[in-house]
Every structure is written in structure tokens, then in C-alpha cells.
Number of protein chains: 2
Amino acid sequence: MNRQQLVEVIKQRKTFLCVGLDTDIKKIPAHLLTAEDPIFDFNKAIIDATAPFCMAFKPNLAFYESLGVKGWVAFEKTIKYLKANYPQHFIIADAKRGDIGNTSAMYARSFFEELDIDSLTVAPYMGEDSVSPFLGYEGKWVILLALTSNKGSHDFQLTADADGERLFEKVLRTSRKWAGADKMMYVVGATQGQAFEGIRQIVPDSFLLVPGIGAQGGSLEEVCKYGMTKDCGLIVNSSRAIIYASNGDDFAEAAAKAAEDVQKKMAKEVEARMI
Amino acid sequence: MNRQQLVEVIKQRKTFLCVGLDTDIKKIPAHLLTAEDPIFDFNKAIIDATAPFCMAFKPNLAFYESLGVKGWVAFEKTIKYLKANYPQHFIIADAKRGDIGNTSAMYARSFFEELDIDSLTVAPYMGEDSVSPFLGYEGKWVILLALTSNKGSHDFQLTADADGERLFEKVLRTSRKWAGADKMMYVVGATQGQAFEGIRQIVPDSFLLVPGIGAQGGSLEEVCKYGMTKDCGLIVNSSRAIIYASNGDDFAEAAAKAAEDVQKKMAKEVEARMI
């Protein structure tokens, strides 16, 4: 999916919500556990329920890998289900990969060629040649970690160099030379609300993937105030607050309701800020 | 495997070689491709051939994930084969993971509980709470990326802060507070030979996992000169130069020969530098 298509979808559907499929076998409703593939069944129900209110889905690889081969089967089935039934929804593989060139090339082959996923989260620590193998695919995106939503983001990401440039700012500035706003997005946590203003000075046009709304406590209003552009420029993720809104028989309806609540707020922001 | 056991194995067997199982379906000998699981068959042959000369094996997850479910099956079979037949060999899952706490906890569950692997490579960008979930396992190790062997290591890892401390040095210094030399190792590329002297001032006792010997051009002698301690403190990895030493019918013998050549050099270093 290219940038223009992404912006169109957001404008038309008035949502920039991404539903995070952090599907944990220990947290899904008990009545699903007797099924052959409870993880996939849960995902399918959540996807069908929330698709009207979101424009992206983000399976987090850790949750699938933790189940070994069974988890990978569920992950691949989820991707195929999304591509077959919701081709207009953007798919983010939240994998936070990044390795030396020949290894990153293997990951790119896996996620972009075999699975035909739209985008992948990538860690910047190993620099350009760990990221560039992901950039050679038409219509595919790298989503580079910049300023994350966790407490540990303070350990290294905020360290300033001799000129006062903090590491996450250096990541933003340096990586802009590797790819433009039509190929690269950045992860910026919603818990870092006031940082969005400075970030927009460095990457005025780039899409930002924003986790941290919901369970982690970030504010949608603040993120929009400081981070939204006329092309929207935001994909805001919510995982736990939506997919575990209920763990009873009504889990799918509860997820739909939680997603709709967010979408309504987003519609107002789209109407107010996108021209 | 705890630190004392690790040091004992190295002393007795006079090797600190790790064989990297970067098994690429496009590079393995053609005669294996008709088998049901060529990746596992290749690994099994390489493991049996090189085990006498190494003390660790390091499958790189990217190479398995790129094959989807089939790759995960081959990965799990490889781990089970190692644990059943070579329980004295240290196993490193080269995964370069690192995510917010609840996600890192899922990875820890996967690699340390389900698969019972000895150690996992972890990226430091997201800070303490992304690393700490891996530290609660007796006899298990985190191998944190510090100074990598690729060209891109210069992009961010060498950036100095206002006090002149470079990012990789900050990672070393900060992470020492999270865990000691009995729980944490560091990735330091062999291509950065002269850096080992400075690194030893920050982490005098920690084991370093050293990629970059062989295909990437690093020097074993230089690494030992500047990085070796009386407890060895080094695990030196070679992947392509060993496993692809030949791609004919003799690939296993060629791999054994390549591993033995390195081991002979290592025996001299062990005799000279470990007391």
C-alpha cells in the first residue's frame, strides 16, 4: 500500500486506528481454548468485529513465536485471512528486527515476499546497512523505532550528543537520508506527548506509528494536537484495551465497542485537522 | 549453563569457537534439497562434523523465519537435536529481540522456557525494561548488542555524548547495573579489533560474543590480544566461513576442517592466556 492510498483510506473511513493483535493464549476467553487453533479463532473474531473502525492491524510477533510452530501457523493464517478479506487494511508485522545486511535481507524476504505484509517494525541500533535491505520493496514500509513508549526509552534514546542532539533525534535525522516519507515511518510512543512537536520539526511529513494509547496511558488528544498533519501522519495503535475489553463470551462485541469509541474521537480529529 | 561450567568447557576442550547456523536454503548443497527437511539435515551434518572443535552453536533466527512454518520446524528440531546429543554445547539463539516489557516476557518464555535455550541476543535500544524480563532465568544468559561488526555500527553506536561517552560504552556501563558477568554477555564485532582494549576497561569480566571472524574479515589474534581474560571471556563466532566451506558432497568434512583450523589457533591462545 503506497502513501496516497493510505491517506485516502484514512480520509474516507475517518479512522487512523491500528488494532494490535497481541494475542496471548493465557488471556483469551476460556471457551475458545477447546478449538483446534484458538489464537486464530480469537484473531478472526477480533478482526471481523473491529475492522469497520480501524485501518490497520498489527500482530506482534512475540506472541506468536512464544508458541513455537503452532504460533507461526496461527500468525500465517491470520495474515492470509486479512489479505483475503480486508485488502484495504494496512498490515504491520511488529517484529522489531534489525541485523547485519545479509540477515536483514532474510527477514525482508520472509515478511515482504513470502507473507506480502505491508510493513515491518525495525530497530535502528545497527545502523543503515541493517535497515536498507527492507527498503527495496515497492509499496512496502519500514517502521523504524525512534522514541518508544516504555520507561526504558529514557536509558539510551534521550541521551544527547555533544551538540545536544538526542539519540532518537539522530535516528530520525540520519534515517531520512536512507528513505523518504513514502517508504519509512517511525515509532513514537503516545506516552511522550510533548515530544511530538519537536519530532514534527525533524520529520514533518512522515507517518508515525503511535503505541501507548490505552493500557499504557497515552492521550489521543495530545498526540493529535502535536503530531497530526494534513495527511494525518499518524497511525495510533491500541492492543490490550481493545482486544481484551472483555474476556467473556461477548469479547468480540466488547472489542468492537472499544474500537468504535476510539474511532469516534478520531473522526473528529480527521474532520478538524485534515484538509 | 552457568559461568563456571562455561569456563571449564573452554579450558578442557581448548576452544571458544561458536559455529553459526545461518542456514540458507539457497546456499546448501543441491543433493540435500530433495530431502524432506533439507535445513535440518544440513544442520545435523554440520553439527556432527564441527562439534569436536567448537563449544557453542548459534542458529540465526532470520534464516529460519524466512521459511515460515517449515523454518520454525527445522529450528525446533535443530535445538532438540543439540540438547539431546550435545548437552555440553552452549546454545545461542541469535534473534536480536527487545520490546516493551510484556512482549519481551513473551520472547523469554519462548526461548528460555519452551525451547530451553541457553542464551538469546537482545537489542538495547529500548532500555532496561525491554531487557530485564530475560534476566529472571537461572543459568540463562542475555547477550546484549554493544558494538556490532557491520558498517552501520558507525551510524549510532559510536556517537559520543556531552561527556565523550560513546553509545556502545553507555550501553555497557548502564547494563552492568541490570545484571553481572554471570548473566549478561555482549556482542562486540571482531572487525573492531582495537576497541577491545577500551571495552575491557568497562566490562573486565564479561563474556563477549564476537562475530566478524571469517567472511567479515576480523582477526582472531587481535581479538585475543585485546579481549581475552584468564576466564577466556570470549566466544568467537564463525558462520559462513565454516558452514559453506564447500557446497559439494564433502560439505561436512570441509566444515570440520575449517572449524578445526580455527580451533587449533584457539588452543594456542587458551594455553598462552588462560591460567
# chains A, B, ... in the order shown; residues from 1 in each chain; ligands from 1
call {"tool": "residues_around", "arguments": {"residues": "stretch 151-159 of chain B", "least_positions_apart": "4", "cutoff": "8 Å", "atoms": "only C-alpha atoms", "output": "list in words"}}
result
Tyr125, Met126, Gly127, Glu128, Asp129, Ser130, Asp161, Leu167, Lys170, Val171 and Thr174 of chain A; Ala146, Leu147, Arg166, Leu167 and Phe168 of chain B
call {"tool": "write_last_selection", "arguments": {"atoms": "N, CA, C and O atoms", "output": "PDB file, in the first residue's frame"}}
result
ATOM      1  N   TYR A 125      19.469   0.273  16.015  1.00  0.00           N
ATOM      2  CA  TYR A 125      20.769   0.274  16.694  1.00  0.00           C
ATOM      3  C   TYR A 125      21.933  -0.080  15.772  1.00  0.00           C
ATOM      4  O   TYR A 125      23.033   0.451  15.921  1.00  0.00           O
ATOM      5  N   MET A 126      21.716  -1.003  14.831  1.00  0.00           N
ATOM      6  CA  MET A 126      22.823  -1.456  13.985  1.00  0.00           C
ATOM      7  C   MET A 126      23.043  -0.607  12.728  1.00  0.00           C
ATOM      8  O   MET A 126      23.920  -0.913  11.918  1.00  0.00           O
ATOM      9  N   GLY A 127      22.256   0.450  12.561  1.00  0.00           N
ATOM     10  CA  GLY A 127      22.540   1.424  11.515  1.00  0.00           C
ATOM     11  C   GLY A 127      22.069   1.064  10.112  1.00  0.00           C
ATOM     12  O   GLY A 127      21.322   0.108   9.904  1.00  0.00           O
ATOM     13  N   GLU A 128      22.535   1.865   9.156  1.00  0.00           N
ATOM     14  CA  GLU A 128      21.983   1.864   7.797  1.00  0.00           C
ATOM     15  C   GLU A 128      21.937   0.498   7.128  1.00  0.00           C
ATOM     16  O   GLU A 128      20.912   0.107   6.579  1.00  0.00           O
ATOM     17  N   ASP A 129      23.052  -0.231   7.137  1.00  0.00           N
ATOM     18  CA  ASP A 129      23.043  -1.491   6.375  1.00  0.00           C
ATOM     19  C   ASP A 129      22.163  -2.564   7.006  1.00  0.00           C
ATOM     20  O   ASP A 129      21.865  -3.581   6.374  1.00  0.00           O
ATOM     21  N   SER A 130      21.697  -2.325   8.240  1.00  0.00           N
ATOM     22  CA  SER A 130      20.737  -3.261   8.840  1.00  0.00           C
ATOM     23  C   SER A 130      19.301  -2.911   8.440  1.00  0.00           C
ATOM     24  O   SER A 130      18.399  -3.733   8.571  1.00  0.00           O
ATOM     25  N   ASP A 161      24.016  14.089  22.364  1.00  0.00           N
ATOM     26  CA  ASP A 161      25.425  14.122  21.970  1.00  0.00           C
ATOM     27  C   ASP A 161      26.016  15.494  22.306  1.00  0.00           C
ATOM     28  O   ASP A 161      25.355  16.344  22.918  1.00  0.00           O
ATOM     29  N   LEU A 167      19.555  10.883  20.969  1.00  0.00           N
ATOM     30  CA  LEU A 167      19.695   9.714  20.088  1.00  0.00           C
ATOM     31  C   LEU A 167      18.483   9.528  19.185  1.00  0.00           C
ATOM     32  O   LEU A 167      18.631   9.286  17.986  1.00  0.00           O
ATOM     33  N   LYS A 170      18.663  11.892  16.406  1.00  0.00           N
ATOM     34  CA  LYS A 170      19.695  11.495  15.448  1.00  0.00           C
ATOM     35  C   LYS A 170      19.189  10.359  14.554  1.00  0.00           C
ATOM     36  O   LYS A 170      19.466  10.312  13.361  1.00  0.00           O
ATOM     37  N   VAL A 171      18.443   9.435  15.167  1.00  0.00           N
ATOM     38  CA  VAL A 171      17.853   8.337  14.386  1.00  0.00           C
ATOM     39  C   VAL A 171      16.905   8.906  13.324  1.00  0.00           C
ATOM     40  O   VAL A 171      16.948   8.519  12.155  1.00  0.00           O
ATOM     41  N   THR A 174      19.132  11.030  10.696  1.00  0.00           N
ATOM     42  CA  THR A 174      20.021  10.197   9.880  1.00  0.00           C
ATOM     43  C   THR A 174      19.229   9.314   8.926  1.00  0.00           C
ATOM     44  O   THR A 174      19.567   9.188   7.746  1.00  0.00           O
TER      45      THR A 174
ATOM     46  N   ALA B 146      26.326  -4.576  21.706  1.00  0.00           N
ATOM     47  CA  ALA B 146      27.071  -3.391  22.147  1.00  0.00           C
ATOM     48  C   ALA B 146      27.673  -2.727  20.907  1.00  0.00           C
ATOM     49  O   ALA B 146      27.159  -1.720  20.416  1.00  0.00           O
ATOM     50  N   LEU B 147      28.744  -3.335  20.378  1.00  0.00           N
ATOM     51  CA  LEU B 147      29.420  -2.759  19.206  1.00  0.00           C
ATOM     52  C   LEU B 147      29.427  -3.834  18.127  1.00  0.00           C
ATOM     53  O   LEU B 147      30.148  -4.822  18.239  1.00  0.00           O
ATOM     54  N   ARG B 166      30.698   7.165  24.331  1.00  0.00           N
ATOM     55  CA  ARG B 166      30.002   6.721  23.129  1.00  0.00           C
ATOM     56  C   ARG B 166      28.827   5.807  23.491  1.00  0.00           C
ATOM     57  O   ARG B 166      28.816   5.208  24.568  1.00  0.00           O
ATOM     58  N   LEU B 167      27.865   5.713  22.569  1.00  0.00           N
ATOM     59  CA  LEU B 167      26.636   4.975  22.883  1.00  0.00           C
ATOM     60  C   LEU B 167      26.924   3.538  23.312  1.00  0.00           C
ATOM     61  O   LEU B 167      26.357   3.050  24.290  1.00  0.00           O
ATOM     62  N   PHE B 168      27.835   2.844  22.583  1.00  0.00           N
ATOM     63  CA  PHE B 168      28.074   1.440  22.964  1.00  0.00           C
ATOM     64  C   PHE B 168      28.708   1.359  24.354  1.00  0.00           C
ATOM     65  O   PHE B 168      28.466   0.407  25.101  1.00  0.00           O
TER      66      PHE B 168
END
call {"tool": "residues_around", "arguments": {"residues": "B:Asp250", "least_positions_apart": "5", "cutoff": "12 Å", "atoms": "only C-alpha atoms", "output": "PyMOL selection string"}}
result
chain B and resi 28-32+42+45-46+49+243-245+255-257
call {"tool": "select_by_dssp", "arguments": {"residues": "stretch 214-261 of chain A", "states": "alpha helix (DSSP H)", "output": "PDB file with C-alpha atoms, in the first residue's frame"}}
result
ATOM      1  CA  LEU A 220      -5.060  10.627  21.873  1.00  0.00           C
ATOM      2  CA  GLU A 221      -5.915  14.320  22.028  1.00  0.00           C
ATOM      3  CA  GLU A 222      -2.376  15.337  22.890  1.00  0.00           C
ATOM      4  CA  VAL A 223      -0.893  13.133  20.178  1.00  0.00           C
ATOM      5  CA  CYS A 224      -3.214  14.666  17.568  1.00  0.00           C
ATOM      6  CA  LYS A 225      -2.621  18.213  18.768  1.00  0.00           C
ATOM      7  CA  TYR A 226       1.128  17.935  18.399  1.00  0.00           C
ATOM      8  CA  GLY A 227       1.591  15.165  15.842  1.00  0.00           C
ATOM      9  CA  ARG A 240      -4.885  -4.668  25.139  1.00  0.00           C
ATOM     10  CA  ALA A 241      -7.574  -2.015  25.724  1.00  0.00           C
ATOM     11  CA  ILE A 242      -9.416  -3.296  22.651  1.00  0.00           C
ATOM     12  CA  ILE A 243      -8.749  -7.000  22.290  1.00  0.00           C
ATOM     13  CA  PHE A 251     -15.276 -10.415  23.813  1.00  0.00           C
ATOM     14  CA  ALA A 252     -15.789  -9.563  20.129  1.00  0.00           C
ATOM     15  CA  GLU A 253     -18.669  -7.164  20.758  1.00  0.00           C
ATOM     16  CA  ALA A 254     -16.727  -5.533  23.581  1.00  0.00           C
ATOM     17  CA  ALA A 255     -13.710  -5.131  21.281  1.00  0.00           C
ATOM     18  CA  ALA A 256     -15.917  -3.590  18.593  1.00  0.00           C
ATOM     19  CA  LYS A 257     -17.346  -1.163  21.136  1.00  0.00           C
ATOM     20  CA  ALA A 258     -13.888  -0.187  22.407  1.00  0.00           C
ATOM     21  CA  ALA A 259     -12.613   0.301  18.841  1.00  0.00           C
ATOM     22  CA  GLU A 260     -15.702   2.327  17.904  1.00  0.00           C
ATOM     23  CA  ASP A 261     -15.187   4.609  20.907  1.00  0.00           C
TER      24      ASP A 261
END
call {"tool": "residues_around", "arguments": {"residues": "B:Gly101", "least_positions_apart": "2", "cutoff": "7 Å", "atoms": "only C-alpha atoms", "output": "short mmCIF file (atom, residue, chain, number, x, y, z; two decimals) with C-alpha atoms, in the first residue's frame"}}
result
data_model
loop_
_atom_site.label_atom_id
_atom_site.label_comp_id
_atom_site.auth_asym_id
_atom_site.auth_seq_id
_atom_site.Cartn_x
_atom_site.Cartn_y
_atom_site.Cartn_z
CA ASP B 99 10.48 -4.94 23.04
CA THR B 103 6.41 -8.52 24.91
CA SER B 104 9.99 -9.28 25.95
CA ALA B 105 8.46 -11.55 28.60
CA ASP B 129 12.53 -2.83 30.95
CA SER B 130 12.96 -4.41 27.50
CA PRO B 133 12.33 -9.93 31.51
#
call {"tool": "residues_around", "arguments": {"residues": "A:Ile202", "least_positions_apart": "5", "cutoff": "8 Å", "atoms": "only C-alpha atoms", "output": "VMD selection string"}}
result
chain A and resid 169 172 to 173
call {"tool": "write_last_selection", "arguments": {"atoms": "C-alpha atoms", "output": "mmCIF file, in the first residue's frame"}}
result
data_model
loop_
_atom_site.group_PDB
_atom_site.id
_atom_site.type_symbol
_atom_site.label_atom_id
_atom_site.label_comp_id
_atom_site.auth_asym_id
_atom_site.auth_seq_id
_atom_site.Cartn_x
_atom_site.Cartn_y
_atom_site.Cartn_z
ATOM 1 C CA GLU A 169 16.506 12.757 17.052
ATOM 2 C CA LEU A 172 15.133 10.472 12.772
ATOM 3 C CA ARG A 173 17.572 12.847 11.072
#
call {"tool": "atom_distance", "arguments": {"atom1": "atom CA of B:Met228", "atom2": "atom CA of B:Thr121"}}
result
20.5 Å
call {"tool": "residues_around", "arguments": {"residues": "A:Lys44", "least_positions_apart": "5", "cutoff": "9 Å", "atoms": "only C-alpha atoms", "output": "count of residues only"}}
result
5
call {"tool": "select_by_dssp", "arguments": {"residues": "stretch 15-153 of chain B", "states": "strand (DSSP E)", "output": "PyMOL selection string"}}
result
chain B and resi 17-21+56-59+90-97+119-122+141-147
call {"tool": "closest_residue", "arguments": {"among": "A:Leu61, A:Ala179, A:Ile91, A:Ile47", "to": "chain B", "atoms": "only C-alpha atoms"}}
result
A:Leu61
call {"tool": "atom_distance", "arguments": {"atom1": "atom CA of B:Arg97", "atom2": "atom CA of A:Val142"}}
result
16.8 Å
